[in-house]
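*Asks:* This is final-v2.cif (mmCIF, C-alpha atoms).
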data_entry
#
loop_
_atom_site.group_PDB
_atom_site.id
_atom_site.type_symbol
_atom_site.label_atom_id
_atom_site.label_comp_id
_atom_site.auth_asym_id
_atom_site.auth_seq_id
_atom_site.Cartn_x
_atom_site.Cartn_y
_atom_site.Cartn_z
ATOM 1 C CA MET A 1 0.000 0.000 0.000
ATOM 2 C CA ASN A 2 1.328 3.426 -0.903
ATOM 3 C CA SER A 3 1.387 6.264 1.567
ATOM 4 C CA ASN A 4 1.611 10.028 1.218
ATOM 5 C CA LEU A 5 3.713 11.179 4.203
ATOM 6 C CA LYS A 6 3.252 14.607 5.739
ATOM 7 C CA GLY A 7 5.170 15.875 8.715
ATOM 8 C CA ASP A 8 7.854 18.095 10.120
ATOM 9 C CA PHE A 9 11.322 18.041 11.617
ATOM 10 C CA THR A 10 13.066 19.808 14.437
ATOM 11 C CA TYR A 11 16.687 20.103 15.560
ATOM 12 C CA MET A 12 17.390 18.680 19.024
ATOM 13 C CA THR A 13 20.580 19.835 20.728
ATOM 14 C CA VAL A 14 21.285 17.897 23.904
ATOM 15 C CA MET A 15 24.750 19.257 24.503
ATOM 16 C CA PRO A 16 26.553 22.074 22.699
ATOM 17 C CA LYS A 17 28.108 19.721 20.150
ATOM 18 C CA THR A 18 25.474 16.958 20.030
ATOM 19 C CA THR A 19 22.651 17.723 17.628
ATOM 20 C CA HIS A 20 20.122 15.310 16.160
ATOM 21 C CA ILE A 21 17.140 15.831 13.899
ATOM 22 C CA LEU A 22 13.719 14.515 14.903
ATOM 23 C CA VAL A 23 11.411 13.748 11.979
ATOM 24 C CA VAL A 24 7.750 13.035 12.741
ATOM 25 C CA ALA A 25 5.363 12.192 9.905
ATOM 26 C CA THR A 26 1.930 10.704 9.368
ATOM 27 C CA GLY A 27 0.966 8.847 6.213
ATOM 28 C CA TYR A 28 -2.313 8.699 4.370
ATOM 29 C CA PRO A 29 -3.341 6.464 1.454
ATOM 30 C CA VAL A 30 -2.711 8.016 -1.936
ATOM 31 C CA VAL A 31 -6.104 9.071 -3.307
ATOM 32 C CA LYS A 32 -6.587 10.287 -6.862
ATOM 33 C CA TRP A 33 -9.361 12.785 -6.177
ATOM 34 C CA PRO A 34 -10.901 14.354 -9.315
ATOM 35 C CA THR A 35 -10.084 18.016 -9.938
ATOM 36 C CA ASN A 36 -12.800 20.346 -8.631
ATOM 37 C CA ALA A 37 -14.578 17.386 -6.990
ATOM 38 C CA GLY A 38 -15.107 19.247 -3.735
ATOM 39 C CA VAL A 39 -14.326 18.169 -0.215
ATOM 40 C CA GLY A 40 -13.463 14.504 0.068
ATOM 41 C CA PRO A 41 -14.057 11.951 2.781
ATOM 42 C CA ILE A 42 -12.050 11.773 5.988
ATOM 43 C CA ILE A 43 -9.185 9.428 5.200
ATOM 44 C CA PRO A 44 -7.720 7.411 8.093
ATOM 45 C CA THR A 45 -3.950 7.285 8.520
ATOM 46 C CA ASN A 46 -2.010 4.234 7.356
ATOM 47 C CA THR A 47 1.523 5.110 8.539
ATOM 48 C CA ASN A 48 3.163 6.751 11.561
ATOM 49 C CA LEU A 49 6.880 7.602 11.620
ATOM 50 C CA ARG A 50 9.294 8.913 14.269
ATOM 51 C CA MET A 51 12.907 9.074 13.147
ATOM 52 C CA VAL A 52 16.022 10.492 14.811
ATOM 53 C CA LEU A 53 18.789 11.423 12.391
ATOM 54 C CA SER A 54 22.377 12.592 12.720
ATOM 55 C CA ASP A 55 22.994 16.309 12.208
ATOM 56 C CA ASP A 56 24.056 15.663 8.577
ATOM 57 C CA TRP A 57 20.773 13.793 7.762
ATOM 58 C CA LYS A 58 22.737 10.718 6.607
ATOM 59 C CA THR A 59 22.101 8.102 9.322
ATOM 60 C CA GLY A 60 19.716 7.424 12.149
ATOM 61 C CA THR A 61 17.071 5.188 13.632
ATOM 62 C CA ALA A 62 13.372 4.981 12.813
ATOM 63 C CA ASN A 63 10.318 3.668 14.615
ATOM 64 C CA PHE A 64 7.245 3.317 12.446
ATOM 65 C CA SER A 65 3.909 1.574 12.164
ATOM 66 C CA PHE A 66 1.785 0.878 9.115
ATOM 67 C CA THR A 67 -1.375 -0.896 8.064
ATOM 68 C CA ASP A 68 -1.430 -3.811 5.658
ATOM 69 C CA ASN A 69 -4.087 -4.348 2.990
ATOM 70 C CA ASP A 70 -6.383 -5.928 5.608
ATOM 71 C CA GLY A 71 -6.143 -2.868 7.884
ATOM 72 C CA LYS A 72 -3.995 -4.629 10.505
ATOM 73 C CA TRP A 73 -1.325 -2.423 12.110
ATOM 74 C CA HIS A 74 2.331 -3.553 12.189
ATOM 75 C CA GLU A 75 5.077 -1.910 14.244
ATOM 76 C CA VAL A 76 8.806 -1.697 13.504
ATOM 77 C CA ASN A 77 11.260 -0.346 16.091
ATOM 78 C CA ASP A 78 14.917 0.659 15.852
ATOM 79 C CA ALA A 79 15.110 0.311 12.053
ATOM 80 C CA PRO A 80 18.328 1.746 10.618
ATOM 81 C CA ALA A 81 17.802 4.859 8.499
ATOM 82 C CA THR A 82 20.294 5.868 5.817
ATOM 83 C CA LEU A 83 20.360 8.570 3.170
ATOM 84 C CA ILE A 84 19.667 7.377 -0.367
ATOM 85 C CA THR A 85 20.823 9.732 -3.099
ATOM 86 C CA CYS A 86 19.036 9.671 -6.441
ATOM 87 C CA PHE A 87 20.502 11.169 -9.575
ATOM 88 C CA GLU A 88 18.486 11.822 -12.708
#
Take the structure in this file and express it as structure tokens.
*Replies:*
Amino acid sequence: MNSNLKGDFTYMTVMPKTTHILVVATGYPVVKWPTNAGVGPIIPTNTNLRMVLSDDWKTGTANFSFTDNDGKWHEVNDAPATLITCFE
């Protein structure tokens, strides 16, 4: 199932030289809503993400949960997070 993630990040400085980045996002199913179709239905979330990254955004750890196609929630903790660079 695809998810459209929306969220924010904040810099966390614990000590003068120790900074991490907290990313918190919520995902919603991708819906192809017709143009000018008006207000749509309330869409329940299908993904929750909390990720702590190094100050250069390249590595970190993520905790997330998601729903499968049957609507059952699954939880993943302490997943490694790494930067993936895409070139076109």
*Asks:* For Thr47 in chain A, which of A:Asn4, A:Thr19, A:Thr13, A:Thr35 is the closest residue, counting only C-alpha atoms?
*Replies:* A:Asn4
*Asks:* Evaluate the PyMOL selection byres ((chain A and resi 1) around 9) and record the selected residues as a PDB file with C-alpha atoms, in the frame of the given file, following the chain and residue labels used in the document.
*Replies:*
ATOM      1  CA  ASN A   2       1.328   3.426  -0.903  1.00  0.00           C
ATOM      2  CA  SER A   3       1.387   6.264   1.567  1.00  0.00           C
ATOM      3  CA  PRO A  29      -3.341   6.464   1.454  1.00  0.00           C
ATOM      4  CA  VAL A  30      -2.711   8.016  -1.936  1.00  0.00           C
ATOM      5  CA  ASN A  46      -2.010   4.234   7.356  1.00  0.00           C
ATOM      6  CA  THR A  67      -1.375  -0.896   8.064  1.00  0.00           C
ATOM      7  CA  ASP A  68      -1.430  -3.811   5.658  1.00  0.00           C
ATOM      8  CA  ASN A  69      -4.087  -4.348   2.990  1.00  0.00           C
TER       9      ASN A  69
END
*Asks:* Using all atoms listed in the file, which of A:Thr82, A:Thr26, A:Ser65, A:Thr59 sits nearest Ile43 in chain A?
*Replies:* A:Thr26
*Asks:* Please measure the separation of CA of Ile21 in chain A and CA of Asp55 in chain A, giving the value in Å to one decimal.
*Replies:*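 Those two atoms sit 6.1 Å apart.
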*Asks:* Smallest atom-to-atom distance to Leu22 in chain A: which of A:Pro34, A:Ser54, A:Asn48, A:Gly71, using only C-alpha atoms?
*Replies:* A:Ser54
*Asks:* If the PyMOL selection byres ((chain A and resi 20) around 12) were run on this exact file, what residues would it hold? Put them as a ChimeraX atom specification.
*Replies:* /A:9-19,21-23,51-61
*Asks:* Just write the chosen residues, C-alpha atoms, as a compact mmCIF listing (two decimals), in the frame of the given file.
*Replies:*
# COMPACT_ATOMS: atom_id res chain seq x y z
CA PHE A 9 11.32 18.04 11.62
CA THR A 10 13.07 19.81 14.44
CA TYR A 11 16.69 20.10 15.56
CA MET A 12 17.39 18.68 19.02
CA THR A 13 20.58 19.84 20.73
CA VAL A 14 21.28 17.90 23.90
CA MET A 15 24.75 19.26 24.50
CA PRO A 16 26.55 22.07 22.70
CA LYS A 17 28.11 19.72 20.15
CA THR A 18 25.47 16.96 20.03
CA THR A 19 22.65 17.72 17.63
CA ILE A 21 17.14 15.83 13.90
CA LEU A 22 13.72 14.52 14.90
CA VAL A 23 11.41 13.75 11.98
CA MET A 51 12.91 9.07 13.15
CA VAL A 52 16.02 10.49 14.81
CA LEU A 53 18.79 11.42 12.39
CA SER A 54 22.38 12.59 12.72
CA ASP A 55 22.99 16.31 12.21
CA ASP A 56 24.06 15.66 8.58
CA TRP A 57 20.77 13.79 7.76
CA LYS A 58 22.74 10.72 6.61
CA THR A 59 22.10 8.10 9.32
CA GLY A 60 19.72 7.42 12.15
CA THR A 61 17.07 5.19 13.63
*Asks:* Can you tell me which residues surround Arg50 in chain A at a distance of at most 8 Å, considering all atoms listed in the file, apart from same-chain residues fewer than 6 positions away, and format the answer as an NGL selection string?
*Replies:* :A and (22-25 or 62-64)
*Asks:* Given the selection you just returned, output its residues as a file containing C-alpha atoms, formatted as a PDB file, in the coordinates of the input.
*Replies:*
ATOM      1  CA  LEU A  22      13.719  14.515  14.903  1.00  0.00           C
ATOM      2  CA  VAL A  23      11.411  13.748  11.979  1.00  0.00           C
ATOM      3  CA  VAL A  24       7.750  13.035  12.741  1.00  0.00           C
ATOM      4  CA  ALA A  25       5.363  12.192   9.905  1.00  0.00           C
ATOM      5  CA  ALA A  62      13.372   4.981  12.813  1.00  0.00           C
ATOM      6  CA  ASN A  63      10.318   3.668  14.615  1.00  0.00           C
ATOM      7  CA  PHE A  64       7.245   3.317  12.446  1.00  0.00           C
TER       8      PHE A  64
END
*Asks:* CA of Lys72 in chain A to CA of Asp8 in chain A: how many Å, to one decimal?
*Replies:*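 Between these atoms lies a distance of 25.6 Å.
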